[in-house]
Amino acid sequence: MHKSNSHIPFYSEEKIAIFIDGSNLYAAAKSLDIDIDYKRLLEWASDQSRLVRAFYYTALMEDQEYSPIRPLVDWLDYNGYSMVTKPVKEYTDDNGHRKIKGNMDIELAIDVMEMADRVDHIMLFTGDGDFLRLIEAIQRKGVRVTLVSTIKSQPPMVSDELRRKADFFLDLQDLSNEIERDDKSTDFPSEAEDHLEDQVYSGKAEISKFG
């Protein structure tokens, strides 16, 4: 039986940290046609409990003269997020096709484990089943885990096993009223996010990996 996503027990005095798997959240939001307002997301989380820190993870094409995702990264960095980035790697597959890969799993996992001793509740924005053991490890430390992704897309964007393991599951679509971007807002470089999948290939963003 899956956990309900409608009654997540946030406590006003608990310390909470947010970890956003950038490419994975982008893919989930795109599947639901949601344009996330990251400033509203922080405000919403701060209203629930004591927000300690919010991390955002993404890889960058640093050898290009201009990277469309750079404005997004800079904006987040100046607006309350701790940015964790690294250059993408290029390789040629067995068919001779040039591929670009930027996997941030290790960086995210290390930071979660370090923060687990300092917070009561972790919100993990991802659907990647590779984080199953990470969730188990921080739960053993007494930290509750809320997983944010979606099952309302076709196909679902979250690993079923990962969803079962988390203490709570919050569907991104159900959260959209709280964090969707207001069209009147002009300070967020939303157009940069539209180029994310074109710039960075991440295994986490592949649907086949979520099952």
# chains A, B, ... in the order shown; residues from 1 in each chain; ligands from 1
>>> residues_around(residues="A:Gln173", least_positions_apart="3", cutoff="10 Å", atoms="only C-alpha atoms", output="ChimeraX atom specification")
/A:28-29,32-34,148-153,170,176-180
>>> residues_around(residues="A:Glu114", least_positions_apart="6", cutoff="12 Å", atoms="only C-alpha atoms", output="list in words")
Ala17, Glu107, Leu108, Ile122, Leu134, Ala137, Ile138 and Lys141 of chain A
>>> write_last_selection(atoms="N, CA, C and O atoms", output="PDB file, in the first residue's frame")
ATOM      1  N   ALA A  17      15.572  19.971   5.092  1.00  0.00           N
ATOM      2  CA  ALA A  17      16.489  20.307   4.000  1.00  0.00           C
ATOM      3  C   ALA A  17      15.905  19.772   2.700  1.00  0.00           C
ATOM      4  O   ALA A  17      15.280  18.711   2.678  1.00  0.00           O
ATOM      5  N   GLU A 107      27.310  13.150  -5.783  1.00  0.00           N
ATOM      6  CA  GLU A 107      27.341  14.437  -5.093  1.00  0.00           C
ATOM      7  C   GLU A 107      26.104  14.616  -4.210  1.00  0.00           C
ATOM      8  O   GLU A 107      26.212  15.050  -3.048  1.00  0.00           O
ATOM      9  N   LEU A 108      24.951  14.282  -4.757  1.00  0.00           N
ATOM     10  CA  LEU A 108      23.716  14.430  -3.983  1.00  0.00           C
ATOM     11  C   LEU A 108      23.705  13.490  -2.779  1.00  0.00           C
ATOM     12  O   LEU A 108      23.360  13.903  -1.669  1.00  0.00           O
ATOM     13  N   ILE A 122      13.950  15.365   5.367  1.00  0.00           N
ATOM     14  CA  ILE A 122      14.573  15.666   4.080  1.00  0.00           C
ATOM     15  C   ILE A 122      13.532  15.510   2.982  1.00  0.00           C
ATOM     16  O   ILE A 122      12.814  14.507   2.923  1.00  0.00           O
ATOM     17  N   LEU A 134      20.028   5.148  -0.431  1.00  0.00           N
ATOM     18  CA  LEU A 134      20.248   6.415   0.268  1.00  0.00           C
ATOM     19  C   LEU A 134      19.090   6.694   1.221  1.00  0.00           C
ATOM     20  O   LEU A 134      19.313   7.074   2.384  1.00  0.00           O
ATOM     21  N   ALA A 137      19.326   4.502   4.233  1.00  0.00           N
ATOM     22  CA  ALA A 137      20.414   4.895   5.134  1.00  0.00           C
ATOM     23  C   ALA A 137      20.024   6.074   6.020  1.00  0.00           C
ATOM     24  O   ALA A 137      20.309   6.076   7.225  1.00  0.00           O
ATOM     25  N   ILE A 138      19.365   7.075   5.455  1.00  0.00           N
ATOM     26  CA  ILE A 138      19.025   8.241   6.271  1.00  0.00           C
ATOM     27  C   ILE A 138      17.822   7.953   7.173  1.00  0.00           C
ATOM     28  O   ILE A 138      17.702   8.534   8.252  1.00  0.00           O
ATOM     29  N   LYS A 141      18.941   6.758  10.399  1.00  0.00           N
ATOM     30  CA  LYS A 141      19.427   7.825  11.268  1.00  0.00           C
ATOM     31  C   LYS A 141      18.275   8.544  11.971  1.00  0.00           C
ATOM     32  O   LYS A 141      18.492   9.483  12.726  1.00  0.00           O
TER      33      LYS A 141
END
>>> residues_around(residues="A:Asn79", least_positions_apart="5", cutoff="9 Å", atoms="only C-alpha atoms", output="number ranges by chain")
A: 38-39, 74
>>> write_last_selection(atoms="N, CA and C atoms", output="compact mmCIF listing (two decimals), in the first residue's frame")
# COMPACT_ATOMS: atom_id res chain seq x y z
N TYR A 38 10.89 28.59 -8.46
CA TYR A 38 11.76 28.11 -7.39
C TYR A 38 11.76 29.02 -6.16
N LYS A 39 11.42 30.27 -6.36
CA LYS A 39 11.30 31.17 -5.21
C LYS A 39 10.07 30.80 -4.39
N ASP A 74 22.78 30.69 -12.21
CA ASP A 74 23.15 31.93 -11.52
C ASP A 74 21.97 32.49 -10.73
>>> atom_distance(atom1="atom CA of A:Trp44", atom2="atom CA of A:Phe10")
11.6 Å
>>> closest_residue(among="A:Arg164, A:Thr126, A:Gln48, A:His121", to="A:Ile20", atoms="only C-alpha atoms")
A:Thr126
>>> select_by_dssp(residues="stretch 22-124 of chain A", states="alpha helix (DSSP H)", output="NGL selection string")
:A and (22-32 or 38-48 or 70-78 or 105-115)
>>> residues_around(residues="A:Ser12", least_positions_apart="3", cutoff="9 Å", atoms="only C-alpha atoms", output="list in words")
Lys15, Asp47, Gln48, Ser49 and Arg50 of chain A
>>> residues_around(residues="A:Val84", least_positions_apart="3", cutoff="12 Å", atoms="only C-alpha atoms", output="NGL selection string")
:A and (19-22 or 54-60 or 73-74 or 76-77 or 81 or 87 or 103-111)
>>> closest_residue(among="A:Lys30, A:Asp37, A:Gln139, A:Leu172", to="A:Trp75", atoms="only C-alpha atoms")
A:Asp37
>>> atom_distance(atom1="atom CA of A:Met157", atom2="atom CA of A:Ile36")
16.4 Å
>>> atom_distance(atom1="atom CA of A:Arg70", atom2="atom CA of A:Phe125")
20.7 Å
>>> select_by_dssp(residues="stretch 24-65 of chain A", states="strand (DSSP E or B)", output="ChimeraX atom specification")
/A:36,50-60
